[in-house]
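Shown below: coords15.txt, with compact mmCIF, C-alpha atoms.
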# COMPACT_ATOMS: atom_id res chain seq x y z
CA MET A 122 2.64 4.32 -11.62
CA THR A 123 4.83 2.16 -9.38
CA PHE A 124 5.94 5.39 -7.68
CA VAL A 125 2.39 6.24 -6.62
CA TRP A 126 1.77 2.74 -5.33
CA ALA A 127 5.13 2.71 -3.54
CA PHE A 128 4.03 5.80 -1.60
CA VAL A 129 0.53 4.49 -0.90
CA ILE A 130 1.44 0.92 0.10
CA GLY A 131 4.53 1.92 2.08
CA GLY A 132 2.50 4.62 3.83
CA LEU A 133 -0.43 2.31 4.56
CA MET A 134 1.82 -0.34 6.11
CA CYS A 135 3.40 2.27 8.38
CA ALA A 136 -0.02 3.67 9.32
CA LEU A 137 -1.19 0.15 10.18
CA ALA A 138 1.91 -0.35 12.35
CA GLN A 139 1.22 2.99 14.04
CA TRP A 140 -2.37 1.93 14.69
CA VAL A 141 -1.16 -1.29 16.32
CA LEU A 142 1.34 0.69 18.43
CA ASP A 143 -1.32 3.18 19.56
CA ASN A 144 -4.02 0.65 20.41
CA PHE A 145 -2.14 -2.21 22.06
CA THR A 146 0.33 -2.16 24.92
CA LEU A 147 3.33 -3.02 22.76
CA THR A 148 6.71 -1.34 22.37
CA PRO A 149 7.96 -0.38 18.87
CA ALA A 150 10.30 -3.41 19.05
CA HIS A 151 7.28 -5.70 19.51
CA VAL A 152 5.56 -4.12 16.52
CA LEU A 153 8.67 -4.57 14.37
CA VAL A 154 8.87 -8.26 15.31
CA LEU A 155 5.14 -8.66 14.63
CA PHE A 156 5.44 -7.08 11.18
CA ILE A 157 8.42 -9.10 9.99
CA VAL A 158 6.59 -12.27 11.09
CA LEU A 159 3.45 -11.12 9.25
CA GLY A 160 5.55 -10.34 6.16
CA ALA A 161 7.06 -13.83 6.18
CA LEU A 162 3.63 -15.39 6.72
CA ALA A 163 2.03 -13.40 3.88
CA SER A 164 4.92 -14.41 1.62
CA GLY A 165 4.29 -18.04 2.55
CA PHE A 166 0.75 -17.72 1.23
CA GLY A 167 2.02 -15.98 -1.92
CA VAL A 168 0.17 -12.75 -1.08
CA TYR A 169 3.17 -10.51 -0.48
CA GLN A 170 4.66 -11.33 -3.89
CA LYS A 171 1.68 -9.61 -5.54
CA LEU A 172 2.18 -6.55 -3.36
CA VAL A 173 5.84 -6.39 -4.42
CA GLN A 174 4.89 -6.71 -8.08
CA PHE A 175 2.79 -3.58 -8.25
CA SER A 176 4.17 -1.40 -5.46
CA GLY A 177 7.92 -2.18 -5.71
CA ALA A 178 9.78 -0.43 -2.91
CA GLY A 179 6.45 0.28 -1.19
CA ALA A 180 6.49 -3.41 -0.23
CA THR A 181 10.24 -4.09 0.00
CA VAL A 182 11.35 -1.02 2.01
CA PRO A 183 9.06 -1.54 5.08
CA LEU A 184 10.13 -4.34 7.43
CA PRO A 185 7.58 -6.96 6.22
CA GLY A 186 9.58 -6.86 2.98
CA PHE A 187 12.48 -8.27 4.96
CA GLY A 188 10.35 -11.26 5.87
CA TYR A 189 9.48 -11.56 2.19
CA THR A 190 13.20 -11.56 1.28
CA LEU A 191 13.83 -14.39 3.77
CA VAL A 192 11.01 -16.55 2.40
CA GLU A 193 11.94 -15.88 -1.24
CA GLY A 194 15.58 -16.73 -0.46
CA ILE A 195 14.55 -20.06 1.07
CA ASP A 196 12.35 -20.79 -1.96
CA GLN A 197 15.19 -20.21 -4.40
CA ALA A 198 17.71 -22.17 -2.32
CA VAL A 199 15.32 -25.12 -2.06
CA LYS A 200 14.98 -25.09 -5.86
CA GLN A 201 18.77 -25.23 -6.23
CA LYS A 202 19.90 -27.59 -3.48
CA GLY A 203 16.81 -29.24 -2.10
CA VAL A 204 15.87 -29.50 1.55
CA LEU A 205 19.14 -28.00 2.83
CA GLY A 206 18.02 -24.73 1.24
CA ILE A 207 15.52 -24.29 4.07
CA PHE A 208 18.51 -23.69 6.34
CA SER A 209 20.81 -21.76 4.03
CA GLY A 210 18.37 -19.70 1.96
CA GLY A 211 17.12 -17.12 4.44
CA PHE A 212 20.43 -15.69 5.55
CA THR A 213 21.86 -15.89 2.03
CA ALA A 214 19.12 -13.66 0.65
CA ALA A 215 19.24 -11.24 3.57
CA ALA A 216 23.04 -11.25 3.80
CA SER A 217 23.74 -7.92 2.10
CA GLY A 218 21.06 -6.09 4.08
CA ILE A 219 22.22 -7.50 7.42
CA LYS A 220 25.89 -6.97 6.61
CA ALA A 221 25.24 -3.38 5.51
CA ALA A 222 23.31 -2.73 8.72
CA LEU A 223 26.13 -4.25 10.77
CA ILE A 224 28.98 -2.39 9.06
CA PHE A 225 27.26 1.01 8.74
CA GLY A 226 25.80 0.62 12.22
CA LEU A 227 29.18 -0.15 13.77
CA ALA A 228 30.83 2.71 11.87
CA ALA A 229 28.15 5.21 12.92
CA ALA A 230 28.29 4.08 16.55
CA LEU A 231 32.08 4.49 16.55
CA ILE A 232 32.12 7.88 14.83
CA PHE A 233 29.17 9.76 16.32
CA ARG A 234 28.38 10.76 19.89
CA PRO A 235 24.77 10.80 21.08
CA LYS A 236 23.22 14.25 21.39
CA ALA A 237 22.49 15.09 24.99
CA MET B 279 -7.95 1.10 32.60
CA GLY B 280 -6.42 2.91 35.56
CA ILE B 281 -2.95 2.48 36.85
CA ASP B 282 -2.68 -0.61 39.02
CA VAL B 283 -1.52 0.41 42.48
CA ARG B 284 -1.53 -2.55 44.83
CA ASN B 285 -1.97 -0.79 48.14
CA LYS B 286 -4.89 -2.26 50.03
CA ALA B 287 -4.28 -0.03 53.06
CA ASN B 288 -5.91 3.09 51.64
CA PRO B 289 -8.46 2.53 48.86
CA ASP B 290 -9.66 6.13 48.86
CA ARG B 291 -6.17 7.41 48.27
CA ILE B 292 -5.74 4.92 45.44
CA ARG B 293 -8.97 6.06 43.82
CA ARG B 294 -7.96 9.71 44.00
CA PHE B 295 -4.55 8.87 42.56
CA GLN B 296 -6.14 7.00 39.66
CA ASP B 297 -8.52 9.89 38.94
CA TYR B 298 -5.55 12.22 38.91
CA ALA B 299 -3.48 9.90 36.72
CA ASN B 300 -6.32 9.52 34.23
CA ARG B 301 -6.81 13.27 34.13
CA ILE B 302 -3.20 14.16 33.36
CA ARG B 303 -2.49 11.23 31.04
CA PRO B 304 -1.90 12.62 27.53
CA LYS B 305 -4.95 12.24 25.30
CA LYS B 306 -4.30 9.94 22.40
CA THR B 307 -4.05 11.73 19.07
CA VAL B 308 -4.47 8.60 17.03
CA GLY B 309 -5.72 10.20 13.82
CA ILE B 310 -2.83 12.63 13.58
CA ASN B 311 -0.33 9.86 14.42
CA LEU B 312 -1.74 7.71 11.63
CA ALA B 313 -1.57 10.53 9.10
CA TRP B 314 2.05 11.30 9.98
CA ALA B 315 3.02 7.62 9.89
CA PHE B 316 1.40 7.34 6.45
CA LEU B 317 3.15 10.44 5.10
CA VAL B 318 6.61 9.69 6.50
CA GLY B 319 6.49 5.96 5.69
CA GLY B 320 5.14 6.70 2.23
CA ALA B 321 7.83 9.30 1.58
CA ILE B 322 10.64 6.92 2.60
CA SER B 323 9.16 4.15 0.43
CA LEU B 324 8.82 6.59 -2.46
CA PHE B 325 12.47 7.57 -2.03
CA GLY B 326 13.38 3.86 -2.00
CA GLN B 327 11.45 3.40 -5.24
CA GLY B 328 13.45 6.27 -6.75
CA VAL B 329 16.75 4.62 -5.75
CA MET B 330 15.49 1.30 -7.10
CA TRP B 331 14.47 2.95 -10.36
CA ALA B 332 17.98 4.41 -10.69
CA PHE B 333 19.53 0.96 -10.21
CA GLU B 334 17.14 -0.54 -12.75
CA HIS B 335 18.28 2.21 -15.11
CA GLU B 336 21.86 1.01 -14.55
CA GLY B 337 21.04 -2.48 -15.71
CA PHE B 338 19.77 -4.20 -12.58
CA SER B 339 16.61 -6.28 -12.96
CA SER B 340 13.57 -5.36 -10.89
CA GLN B 341 14.46 -8.21 -8.51
CA THR B 342 18.20 -7.64 -8.17
CA ALA B 343 17.73 -3.86 -7.73
CA ALA B 344 16.14 -4.38 -4.29
CA THR B 345 19.46 -5.45 -2.72
CA PRO B 346 21.60 -2.37 -3.52
CA THR B 347 18.57 -0.21 -2.66
CA SER B 348 18.45 -1.76 0.83
CA ILE B 349 22.18 -1.13 1.27
CA ILE B 350 21.82 2.57 0.32
CA LEU B 351 18.80 3.07 2.59
CA VAL B 352 20.45 1.28 5.52
CA GLY B 353 23.56 3.45 5.07
CA MET B 354 21.46 6.62 5.02
CA GLY B 355 19.50 5.51 8.08
CA ALA B 356 22.73 4.86 9.99
CA LEU B 357 24.24 8.21 8.94
CA LEU B 358 21.12 10.24 9.79
CA THR B 359 20.88 8.46 13.16
CA GLY B 360 24.51 9.29 13.87
CA LEU B 361 23.88 12.94 13.06
CA GLY B 362 20.86 12.89 15.38
CA TRP B 363 18.39 13.72 12.59
CA TYR B 364 16.60 10.40 12.37
CA ASP B 365 15.31 10.77 15.93
CA ARG B 366 13.27 13.74 14.71
CA ILE B 367 11.84 11.68 11.85
CA VAL B 368 10.77 8.97 14.31
CA LYS B 369 9.42 11.55 16.79
CA ARG B 370 7.09 12.94 14.12
CA GLY B 371 6.43 9.91 11.95
CA GLY B 372 6.33 7.18 14.62
CA MET B 373 6.21 3.81 12.92
CA GLY B 374 6.45 5.69 9.61
CA GLY B 375 10.07 6.28 10.59
CA SER B 376 10.63 2.95 12.36
CA LEU B 377 9.05 0.41 10.01
CA PRO B 378 11.05 1.18 6.81
CA ILE B 379 14.51 -0.35 6.55
CA THR B 380 16.03 3.06 7.43
CA GLY B 381 14.32 2.64 10.81
CA PHE B 382 15.88 -0.80 11.13
CA ALA B 383 19.27 0.91 10.74
CA ASN B 384 18.17 3.47 13.31
CA ALA B 385 17.25 0.69 15.75
CA ILE B 386 20.75 -0.76 15.30
CA VAL B 387 22.75 2.46 15.64
CA ALA B 388 20.81 4.32 18.37
CA PRO B 389 21.31 1.83 21.26
CA ALA B 390 24.91 1.14 20.18
CA MET B 391 25.70 4.87 20.40
CA GLU B 392 23.93 5.19 23.70
CA TYR B 393 25.80 2.31 25.36
CA ARG B 394 29.18 3.18 23.89
CA SER B 395 30.51 4.00 27.37
CA GLU B 396 30.11 0.33 28.34
CA GLY B 397 32.89 -0.58 25.93
CA LEU B 398 33.45 -1.86 22.42
CA VAL B 399 32.36 -5.42 23.15
CA LEU B 400 29.55 -5.30 25.72
CA GLY B 401 28.54 -1.75 24.82
CA ILE B 402 28.55 -1.22 21.05
CA GLY B 403 28.99 -4.87 20.04
CA ALA B 404 26.14 -6.24 22.12
CA LYS B 405 23.72 -3.32 21.82
CA LEU B 406 23.87 -3.20 18.00
CA PHE B 407 21.40 -6.09 18.07
CA THR B 408 19.12 -4.97 20.91
CA VAL B 409 16.19 -4.56 18.50
CA ALA B 410 17.63 -6.12 15.35
CA GLY B 411 18.32 -9.37 17.26
CA PRO B 412 14.71 -10.21 18.13
CA VAL B 413 13.59 -9.07 14.67
CA LEU B 414 16.05 -11.45 13.00
CA VAL B 415 15.32 -14.31 15.40
CA TYR B 416 11.56 -14.29 14.91
CA GLY B 417 11.75 -13.33 11.23
CA MET B 418 14.09 -16.26 10.60
CA ALA B 419 11.98 -18.61 12.71
CA MET B 420 8.81 -17.70 10.81
CA ALA B 421 10.59 -17.94 7.45
CA PHE B 422 11.86 -21.39 8.50
CA VAL B 423 8.34 -22.58 9.37
CA VAL B 424 7.04 -21.16 6.08
CA GLY B 425 9.94 -22.77 4.20
CA VAL B 426 9.24 -26.20 5.72
CA ALA B 427 5.51 -25.90 4.99
CA ARG B 428 6.10 -24.83 1.39
CA TYR B 429 8.63 -27.63 0.92
CA LEU B 430 6.26 -30.28 2.29
CA LEU B 431 3.38 -28.93 0.21
CA GLY B 432 5.61 -28.88 -2.86
CA ILE B 433 5.12 -25.16 -3.52
CA SER B 434 8.78 -24.19 -3.56
Now, as a test, write the supplied structure out as structure tokens.
Amino acid sequence: MTFVWAFVIGGLMCALAQWVLDNFTLTPAHVLVLFIVLGALASGFGVYQKLVQFSGAGATVPLPGFGYTLVEGIDQAVKQKGVLGIFSGGFTAAASGIKAALIFGLAAALIFRPKA
Amino acid sequence: MGIDVRNKANPDRIRRFQDYANRIRPKKTVGINLAWAFLVGGAISLFGQGVMWAFEHEGFSSQTAATPTSIILVGMGALLTGLGWYDRIVKRGGMGGSLPITGFANAIVAPAMEYRSEGLVLGIGAKLFTVAGPVLVYGMAMAFVVGVARYLLGIS
């Protein structure tokens, strides 16, 4: 059942992003920034956690899920080390994703040539 | 909403230009765009769920499986962008291709490839974060605000 919801929720979030892109004078970069901020905000209110629970990758694969990862990471770090966790938690939780993007991105940019 | 041409010298010419511009401007195909974004974004999320399911099968918990899943998807996004295939996914799926984490990888690789001729440092090195930079800055800033609020309210 999670598979169905992953498709539906992931698809709906992308359709919403597309709607924002088509109806406001924003570039895709603006929409991406908007959605990660919304994801972090929704996680702050505890809403996004519910979405993750029943739709799995449908909520974690789109970019708002990245905002969710940051907020969750801060939460856990605060539990472990107190107020300093607010500073260390976000990057710790997102570290593997960012590092993977950096390494794979650098490798791809070095190996491949853009198609004319 | 016509195109703003600030030329007070010849209002008639401006009006005719705006009529022309409005006539040839591509009509918005919002419904079709939405459907494609839904399908492509849904398909990528579904694929991600499949990868996550495989990791859970290998002994990861439902929470820890999200991390290796992200790494796999980011790697695939970078590879497909390098091969020039991801551009087609974005062309058809719009935000359905850009919003998933594979699109995040695409946004990192595409400008870096394009500006490669400007060198390893100011070309590839700097352009890797053309889009990812702002996303991380504002994502982190919002997460920080949320973290402070939750700490002060005693939620976390």
Inset, instruction - Determine, counting only C-alpha atoms, which protein, DNA and RNA residues have an atom within 9 Å of an atom of Thr181 of chain A; residues of the same chain fewer than 2 positions away are not included. Present the result as a list in words. - result: Gly131, Val173, Ser176, Gly177, Ala178, Gly179, Pro183, Leu184, Pro185, Gly186, Phe187, Tyr189 and Thr190 of chain A; Ser323, Gly326, Ala344, Ser348, Pro378 and Ile379 of chain B
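Reported to one decimal place, the separation of atom CA of Ala214 of chain A from atom CA of Ala198 of chain A is 9.1 Å.
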Inset, instruction - Just need the residues of chain A within 7 Å of chain B, counting all atoms listed in the file, so spit them out as a ChimeraX atom specification. - result: /A:124,127-129,131-133,135-136,138-140,143,150,153-154,157-158,161-162,165,177-179,182-184,188,191-192,195-196,199-200,207,211,217-218,221-222,225-226,229-230,233-236
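As for atom CA of Val399 of chain B and atom CA of Lys220 of chain A, they are spaced 17.8 Å apart.
The interatomic distance for the pair atom CA of Leu172 of chain A and atom CA of Thr342 of chain B works out to 16.8 Å.
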Axis-aligned box for segment 371-383 of chain B, 8 Å per side, centre and edges in Å as JSON:
{"center_x": 12.7, "center_y": 4.6, "center_z": 10.6, "size_x": 29.1, "size_y": 26.7, "size_z": 24.1}
